[in-house]
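Asks: Have a look at the structure that comes next, please.
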Amino acid sequence: MKKCLCVIIALLMSLPAFAKLSPHEEARINAMLTALAQKQDLTFIRNGDAHNCEEAVSHLRLKLSNTRNRIDTAEQFIDKVASSSSISGKPYIVKIPGKSDENAKSYLHALIAETDKTVPDEDK
């Protein structure tokens, strides 16, 4: 099963990418992922397995590269790609010491609202 999945991912990665994301939306996603990578105390739970931020961001960047031609906005990336498993359908969970566990979707939406303040508007 894992071998088959690796082959499928490799094939998808070899296809040419026809990005639908505008440079502004790409910048928003990258700012969010950069901020996520800096959250050293955060644990990202995918399909019951714990991952540190570096692993989580690497996984989300891979998912972005495989789906950027099917999404138009950073919000779509969060809702359709970055917050749940495309294989199991299970939502990702964010664990932060001293806080209640949170669905990754709501956490990432809050994080992008925060990082949007650092991304220049495309109209300017």
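Order determines the names: the first chain of the structure tokens is A, the second B, and so forth; residues in each chain are numbered 1 upward, and ligands are numbered 1 upward as they are shown.
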List every residue of segment 14-121 of chain A that DSSP, applied to the backbone of this structure, assigns to alpha helix (DSSP H), and report them as JSON, numbers by chain.
Replies: {"A": [14, 23, 24, 25, 26, 27, 28, 29, 30, 31, 32, 33, 34, 35, 36, 37, 53, 54, 55, 56, 57, 58, 59, 60, 61, 62, 63, 64, 65, 66, 67, 74, 75, 76, 104, 105, 106, 107, 108, 109, 110, 111, 112, 113, 114, 115]}
Asks: Taking only C-alpha atoms into account, produce a table as a Markdown table in which each residue of segment 73-110 of chain A with an atom at most 10 Å from an atom of segment 32-40 of chain A appears once, together with its shortest atom pair and the distance in Å to one decimal, ordered by chain and rising number.
Replies:
```
| residue | atom | partner | partner_atom | distance |
| --- | --- | --- | --- | --- |
| A:Ala74 | CA | A:Met32 | CA | 9.2 |
| A:Ile96 | CA | A:Lys39 | CA | 9.2 |
| A:Leu108 | CA | A:Met32 | CA | 7.7 |
| A:His109 | CA | A:Met32 | CA | 9.2 |
| A:Ala110 | CA | A:Met32 | CA | 9.7 |
```
Asks: Could you check which of A:Leu21, A:Ala31, A:Ser58, A:Ser85 is closest to Pro120 of chain A, using only C-alpha atoms?
Replies: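 Closest residue, counting only C-alpha atoms: A:Ala31.
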Asks: Rounded to one decimal, what separation in Å do you get between atom CA of Ser88 of chain A and atom CA of Arg46 of chain A?
Replies: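 According to the coordinates, atom CA of Ser88 of chain A and atom CA of Arg46 of chain A are separated by 9.8 Å.
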Asks: Pick out the closest residue to Ser84 of chain A from this set: A:Leu60, A:Ala50, A:Val119, A:Leu42. Count only C-alpha atoms.
Replies: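 The answer is A:Leu60, which sits nearest to Ser84 of chain A.
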Asks: Within 12 Å of Phe77 of chain A, counting only C-alpha atoms, which residues qualify if same-chain residues fewer than 4 places away don't, as a PyMOL selection string?
Replies: chain A and resi 20-21+25-26+28-30+32-33+60-61+63-73+81-84+105+108-109+112
Asks: Write out as an MDAnalysis selection string each polymer residue whose atoms come within 7 Å of Ile45 of chain A, counting only C-alpha atoms; drop sequence neighbours fewer than 6 positions from it.
Replies: chainID A and resid 51 92:94
Asks: Separation of atom CA of Cys53 of chain A and atom CA of His24 of chain A, in Å?
Replies: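 Those two atoms sit 23.7 Å apart.
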Asks: What is the atom CA of Ala104 of chain A-atom CA of Asp41 of chain A distance in Å, reported with one decimal?
Replies: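 That distance, rounded to one decimal, is 14.8 Å.
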Asks: Could you please write out, as an NGL selection string, every residue of segment 1-123 of chain A that DSSP assigns to strand (DSSP E)?
Replies: :A and (43-46 or 49-51 or 93-95 or 102-103)
Asks: Can those selected residues be exported to a file as a CSV table (one decimal), in the first residue's frame so that it contains all heavy atoms?
Replies:
```
chain,number,residue,atom,x,y,z
A,43,THR,N,2.3,20.3,18.0
A,43,THR,CA,2.4,19.0,17.5
A,43,THR,C,1.2,18.9,16.5
A,43,THR,O,0.1,19.2,16.9
A,43,THR,CB,2.3,17.9,18.6
A,43,THR,OG1,3.4,18.1,19.5
A,43,THR,CG2,2.4,16.5,18.0
A,44,PHE,N,1.5,18.4,15.4
A,44,PHE,CA,0.5,18.2,14.3
A,44,PHE,C,0.2,16.7,14.3
A,44,PHE,O,1.0,15.9,14.1
A,44,PHE,CB,1.1,18.6,13.0
A,44,PHE,CG,0.2,19.2,12.0
A,44,PHE,CD1,-0.3,20.5,12.1
A,44,PHE,CD2,-0.2,18.5,10.9
A,44,PHE,CE1,-1.1,21.1,11.2
A,44,PHE,CE2,-1.1,19.0,9.9
A,44,PHE,CZ,-1.5,20.3,10.1
A,45,ILE,N,-1.1,16.4,14.4
A,45,ILE,CA,-1.5,15.0,14.4
A,45,ILE,C,-2.2,14.7,13.1
A,45,ILE,O,-3.2,15.3,12.7
A,45,ILE,CB,-2.5,14.7,15.6
A,45,ILE,CG1,-2.0,15.2,16.9
A,45,ILE,CG2,-2.9,13.2,15.6
A,45,ILE,CD1,-0.7,14.4,17.3
A,46,ARG,N,-1.6,13.7,12.3
A,46,ARG,CA,-2.1,13.3,11.1
A,46,ARG,C,-2.4,11.8,11.2
A,46,ARG,O,-1.5,11.0,11.4
A,46,ARG,CB,-1.1,13.5,9.9
A,46,ARG,CG,-0.9,14.9,9.5
A,46,ARG,CD,-0.1,15.1,8.3
A,46,ARG,NE,0.5,13.9,7.7
A,46,ARG,CZ,1.8,13.6,7.6
A,46,ARG,NH1,2.7,14.5,8.1
A,46,ARG,NH2,2.2,12.5,7.0
A,49,ASP,N,-0.9,9.9,14.0
A,49,ASP,CA,0.5,10.0,14.2
A,49,ASP,C,0.9,11.5,14.5
A,49,ASP,O,0.5,12.4,13.8
A,49,ASP,CB,1.3,9.5,13.0
A,49,ASP,CG,1.1,8.0,12.7
A,49,ASP,OD1,0.9,7.3,13.7
A,49,ASP,OD2,1.1,7.6,11.5
A,50,ALA,N,1.8,11.6,15.5
A,50,ALA,CA,2.3,13.0,15.9
A,50,ALA,C,3.5,13.4,15.0
A,50,ALA,O,4.4,12.6,14.7
A,50,ALA,CB,2.7,13.0,17.3
A,51,HIS,N,3.5,14.7,14.6
A,51,HIS,CA,4.5,15.2,13.8
A,51,HIS,C,4.9,16.6,14.3
A,51,HIS,O,4.1,17.4,14.7
A,51,HIS,CB,4.1,15.4,12.3
A,51,HIS,CG,3.7,14.1,11.7
A,51,HIS,ND1,4.6,13.2,11.1
A,51,HIS,CD2,2.5,13.4,11.6
A,51,HIS,CE1,4.0,12.1,10.6
A,51,HIS,NE2,2.7,12.3,11.0
A,93,ILE,N,-5.2,17.4,13.6
A,93,ILE,CA,-5.4,18.0,14.9
A,93,ILE,C,-4.1,18.7,15.3
A,93,ILE,O,-3.0,18.3,15.0
A,93,ILE,CB,-5.7,16.9,16.0
A,93,ILE,CG1,-7.0,16.1,15.6
A,93,ILE,CG2,-5.8,17.6,17.4
A,93,ILE,CD1,-8.2,16.9,15.6
A,94,VAL,N,-4.2,19.9,15.9
A,94,VAL,CA,-3.1,20.6,16.4
A,94,VAL,C,-3.1,20.6,18.0
A,94,VAL,O,-4.1,20.8,18.6
A,94,VAL,CB,-3.2,22.1,16.0
A,94,VAL,CG1,-2.2,23.0,16.6
A,94,VAL,CG2,-3.1,22.2,14.5
A,95,LYS,N,-1.9,20.2,18.5
A,95,LYS,CA,-1.8,20.1,20.0
A,95,LYS,C,-0.7,21.1,20.4
A,95,LYS,O,0.4,21.2,19.8
A,95,LYS,CB,-1.3,18.7,20.4
A,95,LYS,CG,-2.3,17.6,20.2
A,95,LYS,CD,-1.7,16.3,20.7
A,95,LYS,CE,-2.7,15.2,20.9
A,95,LYS,NZ,-3.3,15.2,22.2
A,102,GLU,N,-7.1,21.3,19.0
A,102,GLU,CA,-7.9,22.1,18.1
A,102,GLU,C,-7.8,21.5,16.7
A,102,GLU,O,-6.8,20.9,16.3
A,102,GLU,CB,-7.3,23.5,18.0
A,102,GLU,CG,-8.0,24.5,17.2
A,102,GLU,CD,-7.4,25.9,17.3
A,102,GLU,OE1,-6.5,26.1,18.2
A,102,GLU,OE2,-7.9,26.8,16.6
A,103,ASN,N,-8.9,21.5,15.9
A,103,ASN,CA,-8.8,21.1,14.6
A,103,ASN,C,-7.9,22.0,13.8
A,103,ASN,O,-7.9,23.2,14.0
A,103,ASN,CB,-10.2,21.2,13.9
A,103,ASN,CG,-11.1,20.0,14.3
A,103,ASN,OD1,-10.6,18.9,14.5
A,103,ASN,ND2,-12.4,20.2,14.2
```
